[in-house]
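Asks: Mind having a look at this structure? Questions to follow.
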Amino acid sequence: MDKNRKRKLKALARLMNRQNEIPVPVNQQMLECFDLVMDDREADFLLAMGTGEHERRNLVGLWQGGADTFAAGLDGLLRKGLVWKRKQKDGRETFSLPAIMVGWFELTLARGLEDEKEREFVKRLDALFRSYGDLNVWPIRAASPLFLKFFSRPFQSIAPIPESARKKRKRVVKVNRELAESVQAVLPTADVKALIERADSQGRLGVMHCFCRQWRKMADEPCRFGMPAEACIVMGHFADMVCEYGFGRRIGKEEAGAIIEKVRDAGGVHTVVHERDDHRMEEIAVCNCCWDCCGVLGSYNRGILPLYLACFARAVADPEKCVGCGTCEKFCPVAAVTVEDEKARINVSLCIGCGQCAHQCPKRAFSMQADQRHLLLPLLPPEKARIKRA
């Protein structure tokens with residue numbers, strides 16, 4: 001990559017970072033990901049778009065290939081996820097530049113093609129996250145909690161699973177999540193079932209492959225929990241774009257509900273993704289992931305990212321009911337539960353209140369109690385990482 005192209009891609013990455021509340025660090029590995037998927041004409045067009053919303057007629061003059069090739073060029077960028085289309089309330093179609101993450105990245109593997117280009121992207125993506133993991137050294141490790149505490153805030157959220165719901169009982173889960181670089185929040189938010197039913201009533205409900213799970217699978221690290229790859233539920237205007245350009249497919253509320261149930265029982269954490277990673281904006285997806293695959297929880301367990309969470313519940317163990325089977329240890333996403341002397345012990349300073357221990361326990365030895373607090377989980381030292389980097 002020559003200096004001019006590198007400069008151009010770096011400028012584009014910084015521009016895309018402005019489309020989200022928290023930017024993603026831009027380094028050489030990030031630029032290698034960009035370099036794979038776009039040519040110079042496409043990059044110039046995206047830079048010219050800037051951060052605003054545009055109607056189609058206003059974009060023609062920004063395309064260097066002229067009007068004759070503009071339609072095909074714009075369609076190509078839409079199918080790469082590098083331009084997002086939205087139908088406004090007044091019926092107008094507008095086009096905008098997405099963020100890197102959550103945004104363009106999540107669509108790169110959404111089709112689940114596993115072709116040569118996707119495999120090369122996964123290779124470069126893996127190198128990117130490894131480069132982030134290489135920052136897990138002193139004094140950066142010590143400084144990261146201070147950065148999170150004073151310069152970060154949550155945008156999306158995760159809510160706890162209701163107390164010990166078993167397979168044959170009705171369950172309603174409140175969900176939401178934030179991926180703000182290394183920041184995540186557990187916040188009260190809309191009921192997932194209600195979100196799904198609303199989107200279904202509008203005919204704007206779909207599903208695509210989970211970016212994180214597909215990435216891990218193609219990097220020869222398949223999900224330890226055996227969850228399905230096609231499990232990211234999309235809704236609203238985002239579902240319209242995802243389904244129109246082949247990133248996913250339309251589904252109904254029954255299939256969406258079945259996905260939620262299956263992933264929850266397998267150990268997944270359900271999160272609601274908001275526009276621009278801003279919990280004040282419209283919900284666009286329900287992400288279903290686990291502490292193994294998730295780009296946030298999984299990266300924490302690999303010693304790549306710290307976590308900063310606003311929690312609203314905590315788990316409580318009943319020693320009279322606990323038989324020390326260890327199921328809770330397996331499913332806890334942050335290793336807050338351990339079994340000692342055949343009894344479950346909860347480290348409250350780690351517990352994020354997700355409710356997986358209560359949901360999975362065969363003896364119903366756990367309950368969830370309201371406990372609103374901010375929880376900062378520092379970057380794990382490499383020797384304490386739950387998942388060792390290869």
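Going by the structure tokens order, chains are called A, B, ..., each with residues numbered from 1, while ligands are numbered from 1 in the order shown.
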Leaving out stretch 274-287 of chain A and any residue of its chain fewer than 3 positions from it, which residues lie within 6 Å of it when counting only C-alpha atoms, given as a PyMOL selection string?
Replies: chain A and resi 20+155-156+232-235+238+270-271
Asks: Put those residues in a file: all heavy atoms, as a compact mmCIF listing (two decimals), in the first residue's frame.
Replies:
# COMPACT_ATOMS: atom_id res chain seq x y z
N ASN A 20 -20.11 7.16 14.88
CA ASN A 20 -20.44 6.37 16.07
C ASN A 20 -20.04 7.17 17.31
O ASN A 20 -19.23 8.09 17.24
CB ASN A 20 -19.71 5.03 16.05
CG ASN A 20 -20.52 3.92 16.66
OD1 ASN A 20 -21.65 4.13 17.07
ND2 ASN A 20 -19.95 2.74 16.73
N PHE A 155 -23.75 3.08 25.74
CA PHE A 155 -24.71 3.46 24.72
C PHE A 155 -25.77 2.39 24.49
O PHE A 155 -26.92 2.71 24.28
CB PHE A 155 -23.99 3.76 23.41
CG PHE A 155 -22.98 4.85 23.55
CD1 PHE A 155 -21.65 4.55 23.75
CD2 PHE A 155 -23.37 6.17 23.53
CE1 PHE A 155 -20.72 5.56 23.92
CE2 PHE A 155 -22.43 7.19 23.69
CZ PHE A 155 -21.10 6.88 23.89
N GLN A 156 -25.39 1.12 24.51
CA GLN A 156 -26.35 0.03 24.37
C GLN A 156 -26.28 -0.84 25.61
O GLN A 156 -25.43 -0.62 26.47
CB GLN A 156 -26.07 -0.77 23.10
CG GLN A 156 -26.27 0.07 21.86
CD GLN A 156 -25.93 -0.67 20.61
OE1 GLN A 156 -25.37 -1.76 20.65
NE2 GLN A 156 -26.26 -0.10 19.47
N CYS A 232 -28.39 -13.20 14.30
CA CYS A 232 -28.46 -11.76 14.57
C CYS A 232 -29.77 -11.23 13.99
O CYS A 232 -29.94 -11.19 12.77
CB CYS A 232 -27.26 -11.04 13.96
SG CYS A 232 -27.16 -9.30 14.41
N ILE A 233 -30.69 -10.84 14.85
CA ILE A 233 -32.01 -10.38 14.42
C ILE A 233 -31.97 -8.89 14.13
O ILE A 233 -31.53 -8.10 14.96
CB ILE A 233 -33.06 -10.70 15.50
CG1 ILE A 233 -33.15 -12.22 15.70
CG2 ILE A 233 -34.42 -10.12 15.13
CD1 ILE A 233 -33.99 -12.64 16.87
N VAL A 234 -32.42 -8.51 12.94
CA VAL A 234 -32.40 -7.10 12.54
C VAL A 234 -33.82 -6.60 12.36
O VAL A 234 -34.74 -7.37 12.08
CB VAL A 234 -31.59 -6.91 11.24
CG1 VAL A 234 -30.12 -7.20 11.49
CG2 VAL A 234 -32.10 -7.84 10.12
N MET A 235 -34.01 -5.30 12.53
CA MET A 235 -35.36 -4.74 12.49
C MET A 235 -35.36 -3.32 11.94
O MET A 235 -34.31 -2.68 11.82
CB MET A 235 -35.97 -4.78 13.89
CG MET A 235 -35.14 -4.07 14.95
SD MET A 235 -35.71 -4.40 16.64
CE MET A 235 -35.27 -6.13 16.81
N PHE A 238 -32.98 -0.88 9.16
CA PHE A 238 -31.78 -1.69 8.99
C PHE A 238 -32.14 -3.04 8.39
O PHE A 238 -31.44 -3.55 7.51
CB PHE A 238 -31.06 -1.85 10.32
CG PHE A 238 -29.74 -2.55 10.24
CD1 PHE A 238 -28.75 -2.09 9.38
CD2 PHE A 238 -29.46 -3.66 11.02
CE1 PHE A 238 -27.52 -2.73 9.30
CE2 PHE A 238 -28.24 -4.30 10.94
CZ PHE A 238 -27.26 -3.84 10.08
N HIS A 270 -28.25 -11.64 25.20
CA HIS A 270 -29.06 -10.95 24.20
C HIS A 270 -28.92 -9.45 24.39
O HIS A 270 -29.13 -8.93 25.48
CB HIS A 270 -30.52 -11.35 24.31
CG HIS A 270 -30.72 -12.82 24.51
ND1 HIS A 270 -30.40 -13.75 23.56
CD2 HIS A 270 -31.17 -13.51 25.58
CE1 HIS A 270 -30.66 -14.97 24.03
NE2 HIS A 270 -31.11 -14.84 25.25
N THR A 271 -28.58 -8.77 23.31
CA THR A 271 -28.35 -7.35 23.42
C THR A 271 -29.10 -6.60 22.33
O THR A 271 -29.24 -7.11 21.21
CB THR A 271 -26.85 -7.02 23.29
OG1 THR A 271 -26.43 -7.33 21.97
CG2 THR A 271 -26.03 -7.80 24.28
Asks: Got a sec: who's within 9 Å of A:Ala199, counting only C-alpha atoms, leaving out chain neighbours fewer than 5 positions off, as a list in words?
Replies: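 Counting only C-alpha atoms, the residues come to Ala194, Arg204, Leu205, Val234, Met235, Gly236 and Lys253 of chain A.
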Asks: May I ask which of the residues A:Phe105, A:Phe366, A:Trp63, A:Phe70 is the closest one to A:Met16, counting only C-alpha atoms?
Replies: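 With only C-alpha atoms as the atom set, the closest residue is A:Phe105.
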Asks: So, counting only C-alpha atoms, which residue among A:Val242, A:Pro381, A:Leu109, A:Leu46 is closest to A:Gly133?
Replies: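 For A:Gly133, the nearest of the candidates is A:Pro381.
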Asks: Pick out the residues sitting within 10 Å of A:Leu377, and hand them over as a count of residues only; count only C-alpha atoms, and ignore anything fewer than 6 positions along from it in its own chain.
Replies: 13
Asks: Measuring between only C-alpha atoms, which one of A:Lys3, A:Glu42, A:Glu329, A:Val102 shows the shortest distance to A:Asn17?
Replies: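 Answer, going by the shortest atom-to-atom distance: A:Val102.
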Asks: Which residues, written as a count of residues only, have at least one atom at most 8 Å from stretch 258-269 of chain A, with only C-alpha atoms counted and residues fewer than 2 positions away on the same chain left out?
Replies: 20
Asks: Could you check how far atom CA of A:Thr69 sits from atom CA of A:Ala43, in Å to one decimal?
Replies: 15.5 Å
Asks: Given only C-alpha atoms as the basis, pick out the residue of A:His54, A:Gly303, A:Val60, A:Gly248 nearest to A:Gln88.
Replies: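 Closest to A:Gln88, using only C-alpha atoms: A:His54.
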Asks: Residues within 9 Å of A:Glu32, please, as a PyMOL selection string. Count only C-alpha atoms; anything in the same chain fewer than 3 positions from it doesn't count.
Replies: chain A and resi 1+27-29+35-36+121+124-125+128
Asks: Please save C-alpha atoms of the selected residues as a PDB file, in the first residue's frame.
Replies:
ATOM      1  CA  MET A   1       0.000   0.000   0.000  1.00  0.00           C
ATOM      2  CA  ASN A  27      -3.840   1.301  12.889  1.00  0.00           C
ATOM      3  CA  GLN A  28      -2.058  -0.458  10.037  1.00  0.00           C
ATOM      4  CA  GLN A  29      -4.088  -3.648  10.530  1.00  0.00           C
ATOM      5  CA  ASP A  35      -7.557  -2.005   1.514  1.00  0.00           C
ATOM      6  CA  LEU A  36      -9.059  -5.411   0.765  1.00  0.00           C
ATOM      7  CA  PHE A 121     -10.946 -10.543   5.476  1.00  0.00           C
ATOM      8  CA  ARG A 124      -6.892  -9.453   8.436  1.00  0.00           C
ATOM      9  CA  LEU A 125      -9.586  -8.989  11.067  1.00  0.00           C
ATOM     10  CA  LEU A 128      -6.418  -6.380  13.858  1.00  0.00           C
TER      11      LEU A 128
END
Asks: Would you list the contacts of A:Lys8 as a short mmCIF file (atom, residue, chain, number, x, y, z; two decimals) with C-alpha atoms, in the first residue's frame, taking every protein, DNA or RNA residue within 12 Å and counting only C-alpha atoms, but skipping same-chain residues closer than 2 positions in sequence?
Replies:
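Wrote result_5.cif, looks like this:
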data_model
loop_
_atom_site.label_atom_id
_atom_site.label_comp_id
_atom_site.auth_asym_id
_atom_site.auth_seq_id
_atom_site.Cartn_x
_atom_site.Cartn_y
_atom_site.Cartn_z
CA MET A 1 0.00 0.00 0.00
CA ASP A 2 1.59 3.29 -1.10
CA LYS A 3 1.63 6.43 1.04
CA ASN A 4 -1.16 8.19 -0.85
CA ARG A 5 -3.54 5.25 -0.54
CA LYS A 6 -2.66 4.77 3.11
CA LYS A 10 -6.78 6.56 7.16
CA ALA A 11 -8.85 9.68 6.44
CA LEU A 12 -11.84 7.49 5.54
CA ALA A 13 -11.50 5.41 8.72
CA ARG A 14 -11.44 8.58 10.81
CA LEU A 15 -14.50 9.87 8.97
CA LEU A 31 -6.14 -0.08 7.03
CA PHE A 34 -10.08 -1.35 4.26
CA ASP A 35 -7.56 -2.00 1.51
CA MET A 38 -12.46 -1.01 -1.90
CA ASP A 39 -10.62 0.62 -4.77
CA ASP A 40 -9.47 4.24 -4.91
CA ARG A 41 -12.56 5.47 -6.77
CA GLU A 42 -14.83 3.97 -4.12
CA ALA A 43 -12.72 5.43 -1.32
CA ASP A 44 -12.80 8.88 -2.96
CA PHE A 45 -16.58 8.68 -3.27
CA LEU A 46 -17.02 7.71 0.39
CA LEU A 47 -14.76 10.55 1.48
CA ALA A 48 -16.79 12.97 -0.62
#
Asks: Taking only stretch 220-351 of chain A into account, list the residues labelled strand (DSSP E or B) by DSSP (computed from the backbone), as number ranges by chain.
Replies: A: 230-235, 248-250, 269-274, 283-289, 307-317, 337-340, 343-346
Asks: To one decimal place, how far is atom CA of A:Gly112 from atom CA of A:Asn301 in Å?
Replies: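 Calculated distance between atom CA of A:Gly112 and atom CA of A:Asn301 is 24.8 Å.
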Asks: Quick one: DSSP alpha helix (DSSP H) residues in stretch 42-286 of chain A, as a ChimeraX atom specification?
Replies: /A:42-49,56-59,67-80,105-108,116-133,140-151,192-201,211-218,236-244,253-266
Asks: Nearest to A:Val348 among A:Val24, A:Ala313, A:Leu82, A:Leu380, with distances taken over only C-alpha atoms: which residue is it?
Replies: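 Checking each of A:Val24, A:Ala313, A:Leu82, A:Leu380 against A:Val348, counting only C-alpha atoms, the winner is A:Ala313.
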